[in-house]
$ cat coords30.cif   # mmCIF, C-alpha atoms
data_upload
loop_
_atom_site.group_PDB
_atom_site.id
_atom_site.type_symbol
_atom_site.label_atom_id
_atom_site.label_comp_id
_atom_site.auth_asym_id
_atom_site.auth_seq_id
_atom_site.Cartn_x
_atom_site.Cartn_y
_atom_site.Cartn_z
ATOM 1 C CA MET C 1 62.086 191.215 135.452
ATOM 2 C CA LEU C 2 60.876 194.790 135.537
ATOM 3 C CA LYS C 3 64.286 195.984 134.424
ATOM 4 C CA ARG C 4 64.213 193.604 131.472
ATOM 5 C CA PHE C 5 60.759 194.776 130.496
ATOM 6 C CA VAL C 6 61.704 198.448 130.730
ATOM 7 C CA LEU C 7 64.824 197.972 128.647
ATOM 8 C CA PHE C 8 62.952 195.924 126.045
ATOM 9 C CA ALA C 9 60.253 198.577 125.885
ATOM 10 C CA ILE C 10 62.859 201.276 125.331
ATOM 11 C CA CYS C 11 64.316 199.289 122.442
ATOM 12 C CA LEU C 12 60.912 198.767 120.883
ATOM 13 C CA ALA C 13 60.127 202.449 121.135
ATOM 14 C CA SER C 14 63.288 203.368 119.252
ATOM 15 C CA MET C 15 62.482 201.065 116.391
ATOM 16 C CA GLN C 16 60.631 202.476 113.385
ATOM 17 C CA VAL C 17 59.128 200.597 110.483
ATOM 18 C CA ALA C 18 61.214 200.944 107.257
ATOM 19 C CA GLN C 19 59.822 203.669 104.944
ATOM 20 C CA ALA C 20 58.463 202.771 101.460
ATOM 21 C CA ALA C 21 58.854 205.956 99.416
ATOM 22 C CA ASP C 22 57.154 206.209 96.062
ATOM 23 C CA ILE C 23 58.426 207.687 92.813
ATOM 24 C CA SER C 24 56.200 208.650 89.923
ATOM 25 C CA VAL C 25 57.092 210.040 86.514
ATOM 26 C CA PHE C 26 54.669 211.987 84.365
ATOM 27 C CA GLY C 27 55.156 212.617 80.655
ATOM 28 C CA ASN C 28 57.118 211.009 77.857
ATOM 29 C CA TRP C 29 59.033 212.474 74.925
ATOM 30 C CA SER C 30 58.344 211.868 71.270
ATOM 31 C CA GLU C 31 59.849 213.654 68.249
ATOM 32 C CA THR C 32 59.397 213.382 64.498
ATOM 33 C CA LEU C 33 62.426 214.384 62.443
ATOM 34 C CA GLY C 34 62.525 215.272 58.789
ATOM 35 C CA ALA C 35 64.042 217.583 56.235
ATOM 36 C CA ALA C 36 63.248 220.617 58.382
ATOM 37 C CA ASP C 37 65.675 219.260 60.987
ATOM 38 C CA LEU C 38 68.725 219.407 58.724
ATOM 39 C CA VAL C 39 71.346 221.846 59.957
ATOM 40 C CA GLY C 40 71.431 223.766 56.688
ATOM 41 C CA GLY C 41 69.371 222.042 54.003
ATOM 42 C CA ALA C 42 70.761 219.819 51.249
ATOM 43 C CA GLY C 43 74.286 218.633 51.938
ATOM 44 C CA THR C 44 73.971 218.815 55.717
ATOM 45 C CA ASP C 45 73.054 216.288 58.369
ATOM 46 C CA ILE C 46 70.369 216.232 61.047
ATOM 47 C CA ARG C 47 70.881 218.798 63.806
ATOM 48 C CA SER C 48 72.472 217.723 67.045
ATOM 49 C CA PRO C 49 71.675 217.893 69.879
ATOM 50 C CA ILE C 50 67.927 217.561 69.764
ATOM 51 C CA THR C 51 66.514 218.871 73.030
ATOM 52 C CA SER C 52 63.067 218.542 74.517
ATOM 53 C CA GLY C 53 61.163 221.247 76.288
ATOM 54 C CA ALA C 54 62.543 222.280 79.648
ATOM 55 C CA TYR C 55 59.549 220.805 81.463
ATOM 56 C CA GLN C 56 58.966 217.814 79.212
ATOM 57 C CA ALA C 57 58.282 215.453 82.122
ATOM 58 C CA THR C 58 58.107 215.585 85.907
ATOM 59 C CA LEU C 59 59.023 213.436 88.873
ATOM 60 C CA ASP C 60 57.153 213.113 92.152
ATOM 61 C CA LEU C 61 58.585 211.666 95.348
ATOM 62 C CA SER C 62 56.060 210.827 98.015
ATOM 63 C CA ASN C 63 55.715 208.901 101.257
ATOM 64 C CA THR C 64 59.289 209.742 102.221
ATOM 65 C CA ASP C 65 58.246 210.767 105.724
ATOM 66 C CA GLY C 66 60.923 213.401 105.576
ATOM 67 C CA ALA C 67 63.739 210.934 105.063
ATOM 68 C CA ALA C 68 66.691 211.378 102.757
ATOM 69 C CA TRP C 69 66.446 209.807 99.319
ATOM 70 C CA THR C 70 68.390 209.313 96.133
ATOM 71 C CA VAL C 71 66.997 208.930 92.611
ATOM 72 C CA GLY C 72 68.875 206.730 90.201
ATOM 73 C CA VAL C 73 68.222 206.422 86.466
ATOM 74 C CA ARG C 74 69.152 203.809 83.897
ATOM 75 C CA ARG C 75 68.168 202.764 80.395
ATOM 76 C CA ALA C 76 66.140 199.569 80.562
ATOM 77 C CA SER C 77 65.689 198.957 76.856
ATOM 78 C CA SER C 78 66.868 200.676 73.712
ATOM 79 C CA SER C 79 66.428 200.647 69.986
ATOM 80 C CA LEU C 80 68.706 203.618 69.543
ATOM 81 C CA PRO C 81 71.155 203.346 66.629
ATOM 82 C CA THR C 82 74.833 203.079 67.388
ATOM 83 C CA GLY C 83 76.164 206.518 68.117
ATOM 84 C CA VAL C 84 72.913 207.955 69.456
ATOM 85 C CA ALA C 85 72.784 208.827 73.155
ATOM 86 C CA VAL C 86 69.992 210.073 75.398
ATOM 87 C CA ALA C 87 70.609 212.349 78.363
ATOM 88 C CA VAL C 88 68.375 213.763 81.098
ATOM 89 C CA ARG C 89 68.618 216.579 83.609
ATOM 90 C CA ARG C 90 66.304 218.183 86.078
ATOM 91 C CA THR C 91 65.307 221.747 85.323
ATOM 92 C CA THR C 92 63.371 222.558 88.478
ATOM 93 C CA GLY C 93 63.421 221.474 92.101
ATOM 94 C CA GLY C 94 59.716 220.824 92.290
ATOM 95 C CA SER C 95 57.802 221.813 95.380
ATOM 96 C CA GLY C 96 57.229 220.482 98.859
ATOM 97 C CA ASP C 97 58.977 220.231 102.193
ATOM 98 C CA GLY C 98 62.616 219.286 102.317
ATOM 99 C CA GLY C 99 65.101 219.917 99.552
ATOM 100 C CA ILE C 100 66.801 218.600 96.437
ATOM 101 C CA SER C 101 70.266 218.801 94.979
ATOM 102 C CA GLY C 102 72.200 217.591 91.971
ATOM 103 C CA GLY C 103 70.996 216.556 88.542
ATOM 104 C CA GLN C 104 71.095 219.958 86.856
ATOM 105 C CA ASP C 105 73.654 218.953 84.245
ATOM 106 C CA PHE C 106 72.718 216.568 81.448
ATOM 107 C CA LEU C 107 73.436 212.987 82.454
ATOM 108 C CA THR C 108 73.954 210.490 79.620
ATOM 109 C CA VAL C 109 71.770 207.519 80.518
ATOM 110 C CA GLY C 110 73.241 204.073 80.069
ATOM 111 C CA ALA C 111 72.360 200.544 81.018
ATOM 112 C CA ASN C 112 73.967 200.965 84.436
ATOM 113 C CA GLU C 113 72.085 203.011 87.010
ATOM 114 C CA GLN C 114 73.534 206.405 87.862
ATOM 115 C CA VAL C 115 72.526 208.960 90.456
ATOM 116 C CA LEU C 116 70.315 211.657 88.998
ATOM 117 C CA CYS C 117 69.612 213.704 92.120
ATOM 118 C CA SER C 118 69.106 213.442 95.845
ATOM 119 C CA GLY C 119 67.227 215.198 98.590
ATOM 120 C CA HIS C 120 64.947 214.696 101.530
ATOM 121 C CA GLY C 121 61.239 214.872 102.105
ATOM 122 C CA ASP C 122 58.392 214.720 99.616
ATOM 123 C CA ARG C 123 58.846 216.652 96.366
ATOM 124 C CA SER C 124 56.477 216.992 93.454
ATOM 125 C CA GLY C 125 56.718 218.382 89.953
ATOM 126 C CA ILE C 126 60.486 218.050 89.577
ATOM 127 C CA GLY C 127 60.994 219.145 85.960
ATOM 128 C CA LEU C 128 62.923 216.946 83.529
ATOM 129 C CA GLN C 129 64.483 217.795 80.167
ATOM 130 C CA PHE C 130 65.898 215.328 77.632
ATOM 131 C CA ARG C 131 68.545 215.504 74.951
ATOM 132 C CA LEU C 132 69.426 213.302 71.991
ATOM 133 C CA THR C 133 72.850 213.427 70.367
ATOM 134 C CA GLY C 134 74.289 211.665 67.349
ATOM 135 C CA VAL C 135 71.171 211.331 65.201
ATOM 136 C CA SER C 136 72.247 211.177 61.541
ATOM 137 C CA VAL C 137 70.900 210.492 58.044
ATOM 138 C CA GLU C 138 73.372 207.620 57.963
ATOM 139 C CA GLN C 139 71.019 205.752 60.321
ATOM 140 C CA GLY C 140 68.181 205.669 57.834
ATOM 141 C CA THR C 141 64.475 206.089 58.480
ATOM 142 C CA GLY C 142 62.169 204.572 61.074
ATOM 143 C CA GLY C 143 61.271 204.656 64.750
ATOM 144 C CA PHE C 144 63.853 204.554 67.519
ATOM 145 C CA GLY C 145 63.640 204.913 71.281
ATOM 146 C CA ALA C 146 64.530 203.919 74.802
ATOM 147 C CA THR C 147 62.873 203.177 78.145
ATOM 148 C CA LEU C 148 64.236 204.968 81.189
ATOM 149 C CA VAL C 149 63.766 203.617 84.708
ATOM 150 C CA TYR C 150 63.895 205.939 87.699
ATOM 151 C CA ARG C 151 64.439 204.383 91.113
ATOM 152 C CA VAL C 152 64.236 205.972 94.559
ATOM 153 C CA TYR C 153 66.233 204.481 97.388
ATOM 154 C CA MET H 154 70.328 185.694 134.128
ATOM 155 C CA ASN H 155 72.378 188.313 135.973
ATOM 156 C CA ALA H 156 72.544 192.070 135.548
ATOM 157 C CA ARG H 157 75.521 191.752 133.230
ATOM 158 C CA ASP H 158 73.562 189.530 130.837
ATOM 159 C CA ILE H 159 70.639 191.889 130.908
ATOM 160 C CA LEU H 160 72.944 194.768 130.007
ATOM 161 C CA LYS H 161 74.394 192.828 127.053
ATOM 162 C CA ILE H 162 71.012 191.869 125.731
ATOM 163 C CA SER H 163 69.697 195.394 126.125
ATOM 164 C CA ALA H 164 72.693 196.886 124.326
ATOM 165 C CA LEU H 165 72.226 194.426 121.471
ATOM 166 C CA MET H 166 68.545 195.216 121.162
ATOM 167 C CA ALA H 167 69.209 198.960 121.336
ATOM 168 C CA ALA H 168 71.706 198.619 118.490
ATOM 169 C CA MET H 169 69.150 196.705 116.432
ATOM 170 C CA GLY H 170 66.612 199.423 117.127
ATOM 171 C CA MET H 171 69.019 202.129 115.947
ATOM 172 C CA VAL H 172 69.662 200.368 112.649
ATOM 173 C CA VAL H 173 65.983 199.878 111.992
ATOM 174 C CA SER H 174 65.111 203.418 113.006
ATOM 175 C CA SER H 175 67.637 205.080 110.705
ATOM 176 C CA GLY H 176 64.851 205.986 108.305
ATOM 177 C CA ALA H 177 66.062 203.598 105.570
ATOM 178 C CA ILE H 178 63.873 203.874 102.416
ATOM 179 C CA ALA H 179 62.679 200.836 100.508
ATOM 180 C CA GLY H 180 63.280 201.092 96.722
ATOM 181 C CA ASP H 181 60.561 201.972 94.194
ATOM 182 C CA SER H 182 60.761 202.716 90.490
ATOM 183 C CA ALA H 183 58.921 204.283 87.559
ATOM 184 C CA GLN H 184 59.387 203.920 83.815
ATOM 185 C CA GLN H 185 59.281 206.397 80.992
ATOM 186 C CA THR H 186 59.552 206.056 77.223
ATOM 187 C CA LEU H 187 61.450 208.291 74.832
ATOM 188 C CA ASN H 188 61.159 207.790 71.100
ATOM 189 C CA TYR H 189 61.696 209.581 67.817
ATOM 190 C CA GLN H 190 60.619 208.919 64.254
ATOM 191 C CA VAL H 191 62.810 209.794 61.283
ATOM 192 C CA SER H 192 60.934 210.468 58.059
ATOM 193 C CA ALA H 193 62.352 210.088 54.576
ATOM 194 C CA ILE H 194 64.738 212.932 53.779
ATOM 195 C CA ASN H 195 65.713 213.632 50.159
ATOM 196 C CA GLU H 196 67.149 217.098 49.589
ATOM 197 C CA ILE H 197 69.209 218.383 46.654
ATOM 198 C CA SER H 198 70.294 221.869 45.710
ATOM 199 C CA VAL H 199 72.588 223.473 43.131
ATOM 200 C CA SER H 200 75.169 226.147 43.756
ATOM 201 C CA ASN H 201 74.003 228.504 40.987
ATOM 202 C CA ALA H 202 70.601 228.943 39.431
ATOM 203 C CA SER H 203 72.226 229.762 36.083
ATOM 204 C CA VAL H 204 75.200 228.200 34.299
ATOM 205 C CA GLY H 205 75.427 231.104 31.905
ATOM 206 C CA THR H 206 75.332 230.882 28.115
ATOM 207 C CA LEU H 207 76.956 228.109 26.094
ATOM 208 C CA ILE H 208 77.873 229.314 22.577
ATOM 209 C CA VAL H 209 79.018 227.063 19.746
ATOM 210 C CA SER H 210 81.034 229.370 17.548
ATOM 211 C CA THR H 211 84.218 227.724 16.381
ATOM 212 C CA ALA H 212 85.115 224.801 14.200
ATOM 213 C CA THR H 213 88.010 223.254 12.392
ATOM 214 C CA ALA H 214 87.585 223.177 8.654
ATOM 215 C CA GLY H 215 86.220 219.818 7.561
ATOM 216 C CA LEU H 216 84.935 218.921 11.027
ATOM 217 C CA GLN H 217 81.744 219.545 12.937
ATOM 218 C CA PRO H 218 81.701 222.637 15.187
ATOM 219 C CA ASP H 219 83.652 222.434 18.427
ATOM 220 C CA GLU H 220 81.901 221.258 21.574
ATOM 221 C CA VAL H 221 81.726 223.802 24.381
ATOM 222 C CA ASP H 222 81.263 223.300 28.115
ATOM 223 C CA ASP H 223 80.799 225.459 31.193
ATOM 224 C CA GLY H 224 83.977 224.225 32.867
ATOM 225 C CA GLY H 225 82.100 222.652 35.763
ATOM 226 C CA ALA H 226 80.968 226.033 37.012
ATOM 227 C CA THR H 227 78.239 224.634 39.205
ATOM 228 C CA SER H 228 77.881 221.901 41.811
ATOM 229 C CA TYR H 229 75.169 220.231 43.809
ATOM 230 C CA SER H 230 74.637 219.298 47.444
ATOM 231 C CA ILE H 231 72.662 216.273 48.542
ATOM 232 C CA THR H 232 71.225 214.777 51.715
ATOM 233 C CA THR H 233 69.319 211.523 51.750
ATOM 234 C CA ASN H 234 68.616 208.918 54.424
ATOM 235 C CA GLY H 235 67.333 206.470 51.846
ATOM 236 C CA THR H 236 69.125 203.548 50.254
ATOM 237 C CA GLY H 237 69.937 202.939 46.600
ATOM 238 C CA LYS H 238 68.745 206.364 45.493
ATOM 239 C CA LYS H 239 69.599 208.025 42.201
ATOM 240 C CA ILE H 240 69.775 211.548 40.786
ATOM 241 C CA THR H 241 67.937 212.069 37.523
ATOM 242 C CA ALA H 242 67.796 215.017 35.137
ATOM 243 C CA THR H 243 64.954 216.360 33.061
ATOM 244 C CA ILE H 244 64.957 219.281 30.667
ATOM 245 C CA SER H 245 62.108 221.762 30.250
ATOM 246 C CA GLU H 246 61.955 221.263 26.456
ATOM 247 C CA ASP H 247 63.814 219.011 24.063
ATOM 248 C CA MET H 248 66.814 220.572 22.348
ATOM 249 C CA PRO H 249 66.496 221.695 18.736
ATOM 250 C CA ALA H 250 67.356 219.170 16.081
ATOM 251 C CA ASN H 251 71.050 218.495 15.544
ATOM 252 C CA MET H 252 71.954 219.989 18.902
ATOM 253 C CA THR H 253 73.037 217.955 21.912
ATOM 254 C CA LEU H 254 73.062 219.027 25.534
ATOM 255 C CA SER H 255 74.949 216.692 27.898
ATOM 256 C CA LEU H 256 75.494 216.762 31.614
ATOM 257 C CA GLN H 257 78.038 215.012 33.795
ATOM 258 C CA ALA H 258 77.568 214.885 37.584
ATOM 259 C CA VAL H 259 80.299 213.853 39.993
ATOM 260 C CA ALA H 260 79.013 211.263 42.477
ATOM 261 C CA PRO H 261 78.834 212.074 46.216
ATOM 262 C CA THR H 262 80.854 210.037 48.688
ATOM 263 C CA VAL H 263 78.373 207.170 48.298
ATOM 264 C CA GLY H 264 77.219 206.559 44.712
ATOM 265 C CA SER H 265 78.369 206.103 41.113
ATOM 266 C CA SER H 266 78.330 208.646 38.302
ATOM 267 C CA GLU H 267 76.854 207.652 34.942
ATOM 268 C CA GLY H 268 79.427 209.893 33.305
ATOM 269 C CA LYS H 269 78.560 212.319 30.517
ATOM 270 C CA VAL H 270 74.845 211.813 29.813
ATOM 271 C CA ASP H 271 72.839 213.122 26.832
ATOM 272 C CA ILE H 272 69.855 215.038 28.231
ATOM 273 C CA SER H 273 68.720 216.565 24.905
ATOM 274 C CA SER H 274 65.452 214.601 24.902
ATOM 275 C CA ALA H 275 64.962 214.298 28.670
ATOM 276 C CA SER H 276 61.767 216.326 28.768
ATOM 277 C CA GLY H 277 58.530 215.233 30.444
ATOM 278 C CA GLU H 278 58.704 211.659 31.588
ATOM 279 C CA ASN H 279 62.034 210.957 29.921
ATOM 280 C CA ALA H 280 64.286 211.582 32.898
ATOM 281 C CA VAL H 281 67.813 210.223 32.594
ATOM 282 C CA ASP H 282 70.053 208.915 35.356
ATOM 283 C CA LEU H 283 73.075 210.990 36.327
ATOM 284 C CA VAL H 284 74.175 209.273 39.561
ATOM 285 C CA THR H 285 73.048 205.947 41.022
ATOM 286 C CA GLY H 286 73.570 203.895 44.172
ATOM 287 C CA ILE H 287 73.290 206.786 46.614
ATOM 288 C CA THR H 288 72.733 205.654 50.208
ATOM 289 C CA GLN H 289 72.395 207.602 53.462
ATOM 290 C CA VAL H 290 74.674 210.502 52.772
ATOM 291 C CA ALA H 291 74.981 214.211 53.455
ATOM 292 C CA ASP H 292 77.480 215.688 50.990
ATOM 293 C CA ASN H 293 78.147 219.249 49.883
ATOM 294 C CA GLU H 294 81.755 218.981 48.777
ATOM 295 C CA GLY H 295 82.923 219.008 45.171
ATOM 296 C CA ASN H 296 79.909 217.426 43.481
ATOM 297 C CA THR H 297 80.570 219.213 40.208
ATOM 298 C CA LEU H 298 78.046 219.537 37.387
ATOM 299 C CA THR H 299 79.472 220.044 33.899
ATOM 300 C CA TYR H 300 77.286 220.965 30.915
ATOM 301 C CA TYR H 301 78.350 220.291 27.304
ATOM 302 C CA LEU H 302 76.796 221.672 24.122
ATOM 303 C CA ASP H 303 77.309 220.256 20.638
ATOM 304 C CA ALA H 304 75.790 221.495 17.422
ATOM 305 C CA ASP H 305 76.123 219.930 13.982
ATOM 306 C CA VAL H 306 76.335 222.175 10.953
ATOM 307 C CA ALA H 307 72.831 220.920 10.113
ATOM 308 C CA ALA H 308 71.503 222.826 13.098
ATOM 309 C CA GLY H 309 72.185 226.050 11.270
ATOM 310 C CA VAL H 310 72.210 229.305 13.148
ATOM 311 C CA VAL H 311 70.183 228.967 16.324
ATOM 312 C CA ALA H 312 68.984 232.025 18.180
ATOM 313 C CA SER H 313 69.717 232.177 21.884
ATOM 314 C CA THR H 314 67.261 230.058 23.805
ATOM 315 C CA GLU H 315 66.912 228.837 27.355
ATOM 316 C CA ARG H 316 66.385 225.465 28.967
ATOM 317 C CA THR H 317 65.749 224.571 32.611
ATOM 318 C CA VAL H 318 67.340 221.393 33.903
ATOM 319 C CA THR H 319 65.787 219.775 36.977
ATOM 320 C CA LEU H 320 67.705 217.379 39.194
ATOM 321 C CA THR H 321 65.619 214.966 41.247
ATOM 322 C CA ILE H 322 66.402 212.329 43.862
ATOM 323 C CA GLU H 323 64.457 209.176 43.059
ATOM 324 C CA ASP H 324 64.325 205.581 44.137
ATOM 325 C CA GLY H 325 66.906 203.525 42.333
ATOM 326 C CA SER H 326 65.776 200.898 39.878
#
$ encode --input "coords30.cif" --output "structure tokens"
Amino acid sequence: MLKRFVLFAICLASMQVAQAADISVFGNWSETLGAADLVGGAGTDIRSPITSGAYQATLDLSNTDGAAWTVGVRRASSSLPTGVAVAVRRTTGGSGDGGISGGQDFLTVGANEQVLCSGHGDRSGIGLQFRLTGVSVEQGTGGFGATLVYRVY
Amino acid sequence: MNARDILKISALMAAMGMVVSSGAIAGDSAQQTLNYQVSAINEISVSNASVGTLIVSTATAGLQPDEVDDGGATSYSITTNGTGKKITATISEDMPANMTLSLQAVAPTVGSSEGKVDISSASGENAVDLVTGITQVADNEGNTLTYYLDADVAAGVVASTERTVTLTIEDGS
């Protein structure tokens, strides 16, 4: 009986509650395009790519308890014209304990989730930059956009 | 329950503990919006600010003086993201009596040329259409402008004078 209790206690001690890490994103991106965005005035099309600031938005990862994590990104909704693509990359590693890797090249975001970056431990202020390609006068006027979803797992 | 059973149960529970204690992270997500607004773009330019001087100086006996043209020496470039646009022409001052100034503009890849158009009286609000049906195009290739000058004998001798022609992108009718 004592043996059973000791062994059971050892098993209980080795068990840890599953971690529930949190991801937060700060900042959006909005651009207004007009005649000033033509490559070379009359007779030319809208410049491409159109790139945001290097620190346009940031990601925070918290409550990781030092564990390894992966951030995935996908496009949840889109009103982008055919031929227009949005891409994202991280421009900084943020700060905090642990580390981060990957995600420094532009990743074209589609409807299927893709890995943006990975690391371990809490990180804050991971810089994000965005890029639009394929915007053209042939798409007319109006408002266009997309919603990106970042997931930590 | 013998020692062997206890060992099996303990091993099973230890394995369960190891799986649970691997530090697995539950998923969480955050959303972000990206958007852009495209304003109306209507840009037109010409290759040369001056087409030079058109001189009516020859005629065949019994006929009105010969028409002259600039040989399509100039061209225009256009970018618009609108639909059904047109290019119109106005002139800074009507031509003298018995003189006719005409202009023919080649259409861009999307649009239709109105052909050779009389712009002699296209001053002020009297703009005339040169090209119609222009939709969402950026074109800077071969959009030639050709000017023609005619003068009847009734015009007499006309001293050199200057006119400014303005091309404008407008909504189509």
$ atom_distance --input "coords30.cif" --atom1 "atom CA of Asp292 of chain H" --atom2 "atom CA of Ala85 of chain C"
23.7 Å
$ residues_around --input "coords30.cif" --residues "Ala258 of chain H" --least-positions-apart "3" --cutoff "7 Å" --atoms "all atoms listed in the file" --output "list in words"
Ser266, Gly268, Leu283, Val284, Asn296, Thr297, Leu298 and Thr299 of chain H
$ residues_around --input "coords30.cif" --residues "Gly119 of chain C" --least-positions-apart "5" --cutoff "8 Å" --atoms "all atoms listed in the file" --output "PyMOL selection string"
chain C and resi 68-70+98-101
$ atom_distance --input "coords30.cif" --atom1 "atom CA of Thr147 of chain C" --atom2 "atom CA of Asp122 of chain C"
24.8 Å
$ residues_around --input "coords30.cif" --residues "Leu107 of chain C" --least-positions-apart "5" --cutoff "8 Å" --atoms "only C-alpha atoms" --output "PyMOL selection string"
chain C and resi 87-89+116
$ resolve_selection --input "coords30.cif" --expression "the PyMOL selection byres ((chain C and resi 151) around 6)" --output "PyMOL selection string"
(chain C and resi 71-72+150+152) or (chain H and resi 181-182)
$ closest_residue --input "coords30.cif" --among "H:Pro218, H:Gly264, H:Pro249, H:Gly235" --to "chain C" --atoms "only C-alpha atoms"
H:Gly235
$ atom_distance --input "coords30.cif" --atom1 "atom CA of Tyr300 of chain H" --atom2 "atom CA of Glu246 of chain H"
16.0 Å
$ closest_residue --input "coords30.cif" --among "C:Ile50, C:Ala42, C:Val109, C:Val84" --to "chain H" --atoms "all atoms listed in the file"
C:Ala42
$ residues_around --input "coords30.cif" --residues "Leu59 of chain C" --least-positions-apart "4" --cutoff "6 Å" --atoms "all atoms listed in the file" --output "list in words"
Ser24, Val25, Gly125 and Ile126 of chain C
$ residues_around --input "coords30.cif" --residues "Pro81 of chain C" --least-positions-apart "5" --cutoff "10 Å" --atoms "all atoms listed in the file" --output "ChimeraX atom specification"
/C:134-136,138-140,144-145
$ write_last_selection --input "coords30.cif" --atoms "C-alpha atoms" --output "PDB file, keeping the file's coordinate frame"
ATOM      1  CA  GLY C 134      74.289 211.665  67.349  1.00  0.00           C
ATOM      2  CA  VAL C 135      71.171 211.331  65.201  1.00  0.00           C
ATOM      3  CA  SER C 136      72.247 211.177  61.541  1.00  0.00           C
ATOM      4  CA  GLU C 138      73.372 207.620  57.963  1.00  0.00           C
ATOM      5  CA  GLN C 139      71.019 205.752  60.321  1.00  0.00           C
ATOM      6  CA  GLY C 140      68.181 205.669  57.834  1.00  0.00           C
ATOM      7  CA  PHE C 144      63.853 204.554  67.519  1.00  0.00           C
ATOM      8  CA  GLY C 145      63.640 204.913  71.281  1.00  0.00           C
TER       9      GLY C 145
END
$ closest_residue --input "coords30.cif" --among "C:Leu132, C:Val137, C:Val115, C:Ala54" --to "chain H" --atoms "only C-alpha atoms"
C:Val137
$ closest_residue --input "coords30.cif" --among "H:Gly295, H:Thr232, H:Ser245, H:Pro261" --to "Ser273 of chain H" --atoms "all atoms listed in the file"
H:Ser245
$ closest_residue --input "coords30.cif" --among "H:Gln184, H:Ser200, H:Gly325, H:Tyr189" --to "Val86 of chain C" --atoms "all atoms listed in the file"
H:Tyr189
$ closest_residue --input "coords30.cif" --among "C:Ile46, C:Ala76, C:Leu148, C:Val39" --to "chain H" --atoms "all atoms listed in the file"
C:Leu148
$ resolve_selection --input "coords30.cif" --expression "the PyMOL selection byres ((chain H and resi 196) around 9)" --output "short mmCIF file (atom, residue, chain, number, x, y, z; two decimals) with C-alpha atoms, keeping the file's coordinate frame"
data_model
loop_
_atom_site.label_atom_id
_atom_site.label_comp_id
_atom_site.auth_asym_id
_atom_site.auth_seq_id
_atom_site.Cartn_x
_atom_site.Cartn_y
_atom_site.Cartn_z
CA ALA C 35 64.04 217.58 56.24
CA GLY C 41 69.37 222.04 54.00
CA ALA C 42 70.76 219.82 51.25
CA GLY C 43 74.29 218.63 51.94
CA ILE H 194 64.74 212.93 53.78
CA ASN H 195 65.71 213.63 50.16
CA ILE H 197 69.21 218.38 46.65
CA SER H 198 70.29 221.87 45.71
CA SER H 230 74.64 219.30 47.44
CA ILE H 231 72.66 216.27 48.54
CA THR H 232 71.22 214.78 51.72
CA THR H 233 69.32 211.52 51.75
CA THR H 321 65.62 214.97 41.25
CA ILE H 322 66.40 212.33 43.86
#
$ resolve_selection --input "coords30.cif" --expression "the PyMOL selection byres ((chain H and resi 263) around 9)" --output "CSV table (one decimal) with C-alpha atoms, in the coordinates of the input"
chain,number,residue,atom,x,y,z
H,260,ALA,CA,79.0,211.3,42.5
H,261,PRO,CA,78.8,212.1,46.2
H,262,THR,CA,80.9,210.0,48.7
H,264,GLY,CA,77.2,206.6,44.7
H,265,SER,CA,78.4,206.1,41.1
H,286,GLY,CA,73.6,203.9,44.2
H,287,ILE,CA,73.3,206.8,46.6
H,288,THR,CA,72.7,205.7,50.2
H,289,GLN,CA,72.4,207.6,53.5
H,290,VAL,CA,74.7,210.5,52.8
H,292,ASP,CA,77.5,215.7,51.0
